[in-house]
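Working notes, beginning with the structure itself.
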Amino acid sequence: MKVPLRFKSIRQRLVVLLLLAAALLSLLLFISVRAIASASVQASQDSILGAATIAIAEELRGGEEGVAIEIPYAAFSMLGSSGEDRIFYRILVGEDTVTGYGDLPMPVAELTGLEPVFYSRDYQGDPIRLAAVGRSVLVEGTPRRVQVIVGQTRTGQEMIISRMSNRAAALGMGFFFLSAVLALLTAQAVVGPVNSLAEAVGRRGPQDLRAVTRPVPEELAPLVSALNGLMARLTAALSRTETFIAEAAHHIRTPLATLRTHAEIAQRISEEQEVLARLREILRAADDSSRSAGQLLDHATVAYRTDQRAEEDLDLRAVMADVMRAAEPTAELKDLHFELSVPDGPVPIHADRLLLESAVRNLVDNAIKYSDGDDAIELRLTVDGGTATLAILDRGRGLGTMQGRDLTRRFARGSNVSDVVGSGLGLTIVREVARALSGSFRIENREGKGACAILSLPLA
Amino acid sequence: MRHLVIAIGLSLWAGLAAAFEIEEERLFEAQSDGPVVSILSTTDTVVFEPVIAAFQARNPEVSVHYTVSSTRQVYQAIAEDAARFDLVVSSAMDLQMKLANDGLARAHGSQEVEALPDWAVWREHLFAFSQEPVVLLLRRDAFGNRPLPQDRSGLIEIMRDRPALFEGRIGTYDPARSGAGYLFATQDARQSDSFWRLAEVMGSLSPRLYASTGAMIRDLESGDIVAAYNVLGSYVAGGLSIGDAGAVVELRDFTHVLLRTALVPASADQPELGGRFLDFLLSEAGQTALDRDARLPRIDGRALTTNPHQRPIRLDTGLLVFIDPLMRDRFLQEWAAAVTRP
């Protein structure tokens, strides 16, 4: 069977189905309460009608002059107790109506004993309920058949039934509303684990591919295990990719080093200007290639280590100094010098050393790469509240027309750098490190000339 | 000219409706042209006149055609002739109940009806607009120093003790001729067994039987009778003309309270006009006019609580019992056997 309505959410489907069920049950409740009420009101009205009819029948006396009739006042008075009903009666001796309403309908059933027979008919335009009792009386020594019929309109009964119906309806409504509230709560409870699972998975960072281990209801277990399988496969694929990149970079770097060594040797033994110029070009290309391979390796490392990091307590001042020292030879080649300013006390950071170093190194490398000769590269470390801010400022060509955010995309390069060799990976690595260490990174044009790269990291 | 037309109309109408006996007939003309509400009533014109005046003060465009007849005739006019009256007013609760029960009355709902106590209305078909105790009238002077009887046993006792005083000087209704008398007698019989004792004692003193209240009161005032049993209290609401010589006694064991009722007949030509007059009767203004000017006591549940001996005759289908012709014959036979000695 197909569900005729398509619901976008499980909760909606659940609520609608539960409400339908509740409405059905409420309707059933209403109908059955009403039916029971009607039946019991009918029964009690019948018993009064029957009692009145019997009372009249019992007062009938035989005699020498015919049947003497005595209608007990109470018989009629109690029928009118609800004050709403018209009453009709008919007393027959043999076939003759001796008093009352001569056209009052007769019962179909045979009258036996003093048990009243009840039936419903229309009379004078109203539906009425009738009771009939038959008995025999002795008239002049011979038994005569006497029948007493008493009828009553149903107004009072209908009023009671309609009152009861109203109550039954109120009961049904109350039941429905209670069910509706319960349905909502139920749907909430059922959908709750799904939502909280979704929330937990959604809250994860982009690199977080750990398996979901939180306890879930049985019904969600297949979903979670499928999800975990997918994540495991994804992790494996990623790791394979990174390993491949690392291997590739490594395999490129080693022959490049050999190439460089041979080129340098050749430079030393050759005296021909033409050859020396070519060799310088070869050396420069080898350096650039080596640098790109190094960055690829860095990127792979960063991507890998954000998943499996080995965090330790570091002093950011020391990290900066190390990186600066390592970069100094390169800087000197371009006649650049560093201006380092750091706070007096230690700047504690809890982070993975390799990640942090590669971020700072990439920033410093960029600054060197895009600076012209004879400039200063400023490295400023400041602490403000719980945040350490590392600013690297150069007097290079700046960002051109591109926005800082665009430059941090993988393989994105500035519009003004076509003459400089680069992979477009440097800022990506910095951004990923910043994210992995719960910090932030931005890069913008410096006033006047040059760029300003700012890496903010939370203190330990 | 207009008068002439109405006069011709009335005589024509009277001719058509000749099937029942009219005692009085009067047209209360409106100040301006408008509809005519026709009322059939058992209440004397002179009694009802101030009520009609109060109605017309509020409904100046409505003329009132007021016809008076006996309770039995009023019943027959509606039950048998389907006479086209817009409102039927009667003191005969049993006959009115019969009309309503037999579907000859129209349902009427209004604010005024809503305000009526439950015991003063029957299924929005029959409405009580005044409650009148049924009293015992006595000539105080006839009792000398003896205290006046306050209940039925007291009355029986004094009649037994001084038959000479009461012989031929007790008046009551003839239930065979007076509808009200029949209703009171049957209700008495229903209410207590002492009624039959009372009837027999009265019967032994050659009572005078009356068909009309007026005659009975006149005879009491003239001194022809010294006691009048079961008189509708509203007739002496203004006091007896004999002053202190007469006494109006509400018997303490029980005093029936008659409900004067009105209904809008199913055969009415202008039921909405009848209903309008009925609503006026039940309204504060109508009740005040009835109570103060017509001396027909207003519907008042508190009066019944402060006078616990007062028992309103119940406006329910029990009233149908003694209307039954066989029951009526039987009751009258028994009554005659007790009261009228051969």
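FYI, nothing fancy with the structure tokens labels: chains A, B, ... in order, residues from 1 per chain, ligands from 1 as they appear.
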| task | as a PyMOL selection string, list the residues of stretch 82-257 of chain B assigned to strand (DSSP E) by DSSP on the backbone atoms of this structure. | result | chain B and resi 87-90+121-122+126-139+170-173+208-210+227-232+246-249+255-257
| task | Skip stretch 114-116 of chain A itself and residues of its chain fewer than 4 positions away, then list as a ChimeraX atom specification all residues within 6 Å of it, counting only C-alpha atoms. | result | /A:50,131-133
Hey, can you spit out that residue selection with C-alpha atoms as a PDB file, in the first residue's frame?
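selection39.pdb, written as the output of this step:
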ATOM      1  CA  GLY A  50     -43.695   0.743  31.646  1.00  0.00           C
ATOM      2  CA  ALA A 131     -45.782   0.908  26.217  1.00  0.00           C
ATOM      3  CA  ALA A 132     -48.663  -1.516  26.130  1.00  0.00           C
ATOM      4  CA  VAL A 133     -49.910  -3.865  28.821  1.00  0.00           C
TER       5      VAL A 133
END
Check which residues of chain A sit at most 7 Å from chain B using only C-alpha atoms, and return one row each with the closest pair of atoms and their distance in Å to one decimal, ordered by chain and rising number, as JSON lines.
{"residue": "A:Ile69", "atom": "CA", "partner": "B:Met327", "partner_atom": "CA", "distance": 6.9}
{"residue": "A:Glu70", "atom": "CA", "partner": "B:Met327", "partner_atom": "CA", "distance": 6.5}
{"residue": "A:Ile71", "atom": "CA", "partner": "B:Val321", "partner_atom": "CA", "distance": 6.3}
{"residue": "A:Tyr73", "atom": "CA", "partner": "B:Gly318", "partner_atom": "CA", "distance": 5.6}
{"residue": "A:Ala74", "atom": "CA", "partner": "B:Gly318", "partner_atom": "CA", "distance": 6.7}
{"residue": "A:Phe76", "atom": "CA", "partner": "B:Gly318", "partner_atom": "CA", "distance": 4.5}
{"residue": "A:Ser77", "atom": "CA", "partner": "B:Gly318", "partner_atom": "CA", "distance": 3.9}
{"residue": "A:Gly80", "atom": "CA", "partner": "B:Thr317", "partner_atom": "CA", "distance": 5.4}
{"residue": "A:Gly83", "atom": "CA", "partner": "B:Trp122", "partner_atom": "CA", "distance": 6.0}
{"residue": "A:Glu84", "atom": "CA", "partner": "B:Arg123", "partner_atom": "CA", "distance": 4.8}
{"residue": "A:Arg86", "atom": "CA", "partner": "B:Asn101", "partner_atom": "CA", "distance": 5.0}
{"residue": "A:Ile87", "atom": "CA", "partner": "B:Asn101", "partner_atom": "CA", "distance": 6.7}
{"residue": "A:Thr99", "atom": "CA", "partner": "B:Leu326", "partner_atom": "CA", "distance": 6.8}
{"residue": "A:Gly100", "atom": "CA", "partner": "B:Asp324", "partner_atom": "CA", "distance": 6.9}
| query | Could you pull the residues within 8 Å of stretch 130-139 of chain B, counting only C-alpha atoms, minus those fewer than 4 positions along the same chain, as a count of residues only? | reply | 35
Residues at most 12 Å from B:Pro271, counting only C-alpha atoms, excluding those fewer than 5 positions away in the same chain, as a PDB file with N, CA and C atoms, in the first residue's frame?
ATOM      1  N   VAL B  36     -54.880  43.832  14.944  1.00  0.00           N
ATOM      2  CA  VAL B  36     -55.775  43.541  16.066  1.00  0.00           C
ATOM      3  C   VAL B  36     -55.389  42.171  16.618  1.00  0.00           C
ATOM      4  N   VAL B  37     -55.031  42.138  17.887  1.00  0.00           N
ATOM      5  CA  VAL B  37     -54.750  40.842  18.501  1.00  0.00           C
ATOM      6  C   VAL B  37     -56.023  40.359  19.173  1.00  0.00           C
ATOM      7  N   SER B  38     -56.437  39.131  18.855  1.00  0.00           N
ATOM      8  CA  SER B  38     -57.683  38.646  19.452  1.00  0.00           C
ATOM      9  C   SER B  38     -57.369  37.625  20.530  1.00  0.00           C
ATOM     10  N   ILE B  39     -57.936  37.893  21.689  1.00  0.00           N
ATOM     11  CA  ILE B  39     -57.647  37.087  22.876  1.00  0.00           C
ATOM     12  C   ILE B  39     -58.929  36.432  23.350  1.00  0.00           C
ATOM     13  N   ARG B  84     -60.005  30.988  15.703  1.00  0.00           N
ATOM     14  CA  ARG B  84     -58.742  31.655  15.338  1.00  0.00           C
ATOM     15  C   ARG B  84     -58.376  32.782  16.288  1.00  0.00           C
ATOM     16  N   PHE B  85     -58.130  32.429  17.530  1.00  0.00           N
ATOM     17  CA  PHE B  85     -57.650  33.431  18.474  1.00  0.00           C
ATOM     18  C   PHE B  85     -56.125  33.386  18.500  1.00  0.00           C
ATOM     19  N   ASP B  86     -55.540  34.562  18.842  1.00  0.00           N
ATOM     20  CA  ASP B  86     -54.081  34.642  18.855  1.00  0.00           C
ATOM     21  C   ASP B  86     -53.511  34.266  20.212  1.00  0.00           C
ATOM     22  N   LEU B  87     -54.367  34.326  21.241  1.00  0.00           N
ATOM     23  CA  LEU B  87     -53.901  33.975  22.575  1.00  0.00           C
ATOM     24  C   LEU B  87     -55.090  33.449  23.369  1.00  0.00           C
ATOM     25  N   VAL B  88     -54.842  32.410  24.136  1.00  0.00           N
ATOM     26  CA  VAL B  88     -55.911  31.858  24.965  1.00  0.00           C
ATOM     27  C   VAL B  88     -55.463  31.927  26.416  1.00  0.00           C
ATOM     28  N   ALA B 105     -51.358  23.783  20.901  1.00  0.00           N
ATOM     29  CA  ALA B 105     -50.666  25.039  21.240  1.00  0.00           C
ATOM     30  C   ALA B 105     -49.380  25.101  20.444  1.00  0.00           C
ATOM     31  N   ARG B 106     -48.923  26.321  20.272  1.00  0.00           N
ATOM     32  CA  ARG B 106     -47.728  26.582  19.489  1.00  0.00           C
ATOM     33  C   ARG B 106     -46.586  26.835  20.455  1.00  0.00           C
ATOM     34  N   ALA B 107     -45.421  26.373  20.108  1.00  0.00           N
ATOM     35  CA  ALA B 107     -44.260  26.678  20.952  1.00  0.00           C
ATOM     36  C   ALA B 107     -43.937  28.157  20.846  1.00  0.00           C
ATOM     37  N   HIS B 108     -43.551  28.730  21.966  1.00  0.00           N
ATOM     38  CA  HIS B 108     -43.202  30.157  21.960  1.00  0.00           C
ATOM     39  C   HIS B 108     -41.985  30.352  22.862  1.00  0.00           C
ATOM     40  N   GLY B 109     -40.936  30.860  22.284  1.00  0.00           N
ATOM     41  CA  GLY B 109     -39.727  31.103  23.081  1.00  0.00           C
ATOM     42  C   GLY B 109     -39.375  32.574  23.064  1.00  0.00           C
ATOM     43  N   LEU B 263     -51.720  30.374  26.381  1.00  0.00           N
ATOM     44  CA  LEU B 263     -51.049  29.652  25.305  1.00  0.00           C
ATOM     45  C   LEU B 263     -51.391  30.294  23.963  1.00  0.00           C
ATOM     46  N   VAL B 264     -50.511  30.119  23.023  1.00  0.00           N
ATOM     47  CA  VAL B 264     -50.758  30.596  21.658  1.00  0.00           C
ATOM     48  C   VAL B 264     -51.291  29.392  20.886  1.00  0.00           C
ATOM     49  N   PRO B 265     -52.577  29.446  20.473  1.00  0.00           N
ATOM     50  CA  PRO B 265     -53.120  28.245  19.827  1.00  0.00           C
ATOM     51  C   PRO B 265     -52.475  27.978  18.461  1.00  0.00           C
ATOM     52  N   ALA B 266     -52.441  26.695  18.121  1.00  0.00           N
ATOM     53  CA  ALA B 266     -51.877  26.318  16.823  1.00  0.00           C
ATOM     54  C   ALA B 266     -52.694  26.939  15.697  1.00  0.00           C
ATOM     55  N   ARG B 276     -46.597  38.279  21.328  1.00  0.00           N
ATOM     56  CA  ARG B 276     -46.207  39.605  21.821  1.00  0.00           C
ATOM     57  C   ARG B 276     -46.994  39.955  23.077  1.00  0.00           C
ATOM     58  N   PHE B 277     -48.292  39.655  23.041  1.00  0.00           N
ATOM     59  CA  PHE B 277     -49.107  39.939  24.230  1.00  0.00           C
ATOM     60  C   PHE B 277     -48.669  39.040  25.388  1.00  0.00           C
ATOM     61  N   LEU B 278     -48.373  37.789  25.059  1.00  0.00           N
ATOM     62  CA  LEU B 278     -47.936  36.842  26.083  1.00  0.00           C
ATOM     63  C   LEU B 278     -46.628  37.332  26.730  1.00  0.00           C
ATOM     64  N   ASP B 279     -45.692  37.758  25.889  1.00  0.00           N
ATOM     65  CA  ASP B 279     -44.430  38.262  26.427  1.00  0.00           C
ATOM     66  C   ASP B 279     -44.662  39.465  27.331  1.00  0.00           C
TER      67      ASP B 279
END
| remark: Shortest contact to B:Ile22, candidates B:Ala77, B:Ile217, B:Ala303, B:Val62, atoms counted only C-alpha atoms, goes to B:Ala77
| query | Which distance in Å separates atom CA of A:Arg380 and atom CA of A:His337, to one decimal? | reply |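 That distance, rounded to one decimal, is 14.0 Å.
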| task | Just the residues within 12 Å of stretch 340-348 of chain A, please, counting only C-alpha atoms, with nothing from its chain fewer than 5 positions along; format it as a PyMOL selection string. | result | chain A and resi 312-325+364+376-393+457-460
Keeping C-alpha atoms, export the residues of the selection given above as a compact mmCIF listing (two decimals), in the first residue's frame.
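The file below, part_6.txt, is the result:
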# COMPACT_ATOMS: atom_id res chain seq x y z
CA GLU A 312 52.92 19.81 22.91
CA ASP A 313 53.53 22.99 24.90
CA LEU A 314 55.54 25.45 22.86
CA ASP A 315 56.79 28.99 23.16
CA LEU A 316 55.69 30.81 20.03
CA ARG A 317 58.75 33.14 20.36
CA ALA A 318 61.09 30.18 20.01
CA VAL A 319 59.19 28.79 17.03
CA MET A 320 59.40 32.17 15.30
CA ALA A 321 63.09 32.53 16.05
CA ASP A 322 63.82 29.04 14.68
CA VAL A 323 61.92 29.69 11.47
CA MET A 324 63.60 33.08 11.09
CA ARG A 325 67.02 31.60 11.58
CA VAL A 364 58.11 34.00 5.98
CA ALA A 376 63.00 44.82 5.90
CA ILE A 377 60.55 42.06 6.77
CA GLU A 378 58.91 42.73 10.11
CA LEU A 379 57.89 39.86 12.37
CA ARG A 380 55.69 41.14 15.21
CA LEU A 381 54.35 38.94 17.95
CA THR A 382 51.84 40.49 20.33
CA VAL A 383 49.60 39.03 23.04
CA ASP A 384 46.14 40.40 23.64
CA GLY A 385 43.94 38.65 26.16
CA GLY A 386 43.95 34.96 25.34
CA THR A 387 45.17 35.43 21.80
CA ALA A 388 48.64 35.55 20.36
CA THR A 389 48.86 37.56 17.13
CA LEU A 390 51.67 37.00 14.74
CA ALA A 391 51.99 39.65 12.04
CA ILE A 392 54.41 39.38 9.14
CA LEU A 393 54.78 42.56 7.15
CA LEU A 457 46.19 31.68 17.74
CA PRO A 458 44.66 31.00 21.14
CA LEU A 459 47.12 30.87 24.04
CA ALA A 460 47.55 27.68 25.99
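Proximity ranking of B:Ser41, B:Val64, B:Tyr75, B:Phe48 relative to B:Arg26 places B:Val64 first, based on only C-alpha atoms.
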| task | Output as a ChimeraX atom specification all residues of stretch 82-252 of chain A that backbone DSSP marks as alpha helix (DSSP H). | result | /A:155-203,221-252
| Leaving out A:Arg395 and any residue of its chain fewer than 4 positions from it, which residues lie within 8 Å of it when counting only C-alpha atoms, given as a list of chain:residue names? | A:Ser371, A:Asp372, A:Asp375, A:Ala376, A:Ile377, A:Lys449, A:Gly450, A:Ala451
Let me see the file: selected residues, C-alpha atoms, as a PDB file, in the first residue's frame.
ATOM      1  CA  SER A 371      59.889  41.339  -1.470  1.00  0.00           C
ATOM      2  CA  ASP A 372      62.255  43.356  -3.572  1.00  0.00           C
ATOM      3  CA  ASP A 375      63.839  45.784   2.376  1.00  0.00           C
ATOM      4  CA  ALA A 376      63.002  44.819   5.903  1.00  0.00           C
ATOM      5  CA  ILE A 377      60.554  42.061   6.768  1.00  0.00           C
ATOM      6  CA  LYS A 449      53.176  49.109  -0.186  1.00  0.00           C
ATOM      7  CA  GLY A 450      53.432  45.451   0.654  1.00  0.00           C
ATOM      8  CA  ALA A 451      51.296  42.861   2.410  1.00  0.00           C
TER       9      ALA A 451
END
| said: Which residues are near A:Gly141? Cut-off 9 Å, only C-alpha atoms, ignore same chain within fewer than 5 positions. Put them as a list in words. | reply: Gly62, Gly63 and Glu64 of chain A
Can I get the selection written as a short mmCIF file (atom, residue, chain, number, x, y, z; two decimals), in the first residue's frame, with all heavy atoms?
data_model
loop_
_atom_site.label_atom_id
_atom_site.label_comp_id
_atom_site.auth_asym_id
_atom_site.auth_seq_id
_atom_site.Cartn_x
_atom_site.Cartn_y
_atom_site.Cartn_z
N GLY A 62 -62.83 -5.03 37.47
CA GLY A 62 -64.05 -5.53 36.87
C GLY A 62 -65.23 -5.20 37.78
O GLY A 62 -65.04 -4.74 38.90
N GLY A 63 -66.40 -5.39 37.32
CA GLY A 63 -67.55 -5.12 38.17
C GLY A 63 -68.81 -5.48 37.44
O GLY A 63 -68.76 -5.99 36.31
N GLU A 64 -69.92 -5.17 38.07
CA GLU A 64 -71.20 -5.51 37.48
C GLU A 64 -71.53 -4.60 36.30
O GLU A 64 -72.20 -4.96 35.37
CB GLU A 64 -72.31 -5.42 38.54
CG GLU A 64 -72.20 -6.49 39.62
CD GLU A 64 -72.10 -7.89 39.05
OE1 GLU A 64 -72.97 -8.31 38.27
OE2 GLU A 64 -71.11 -8.60 39.36
#
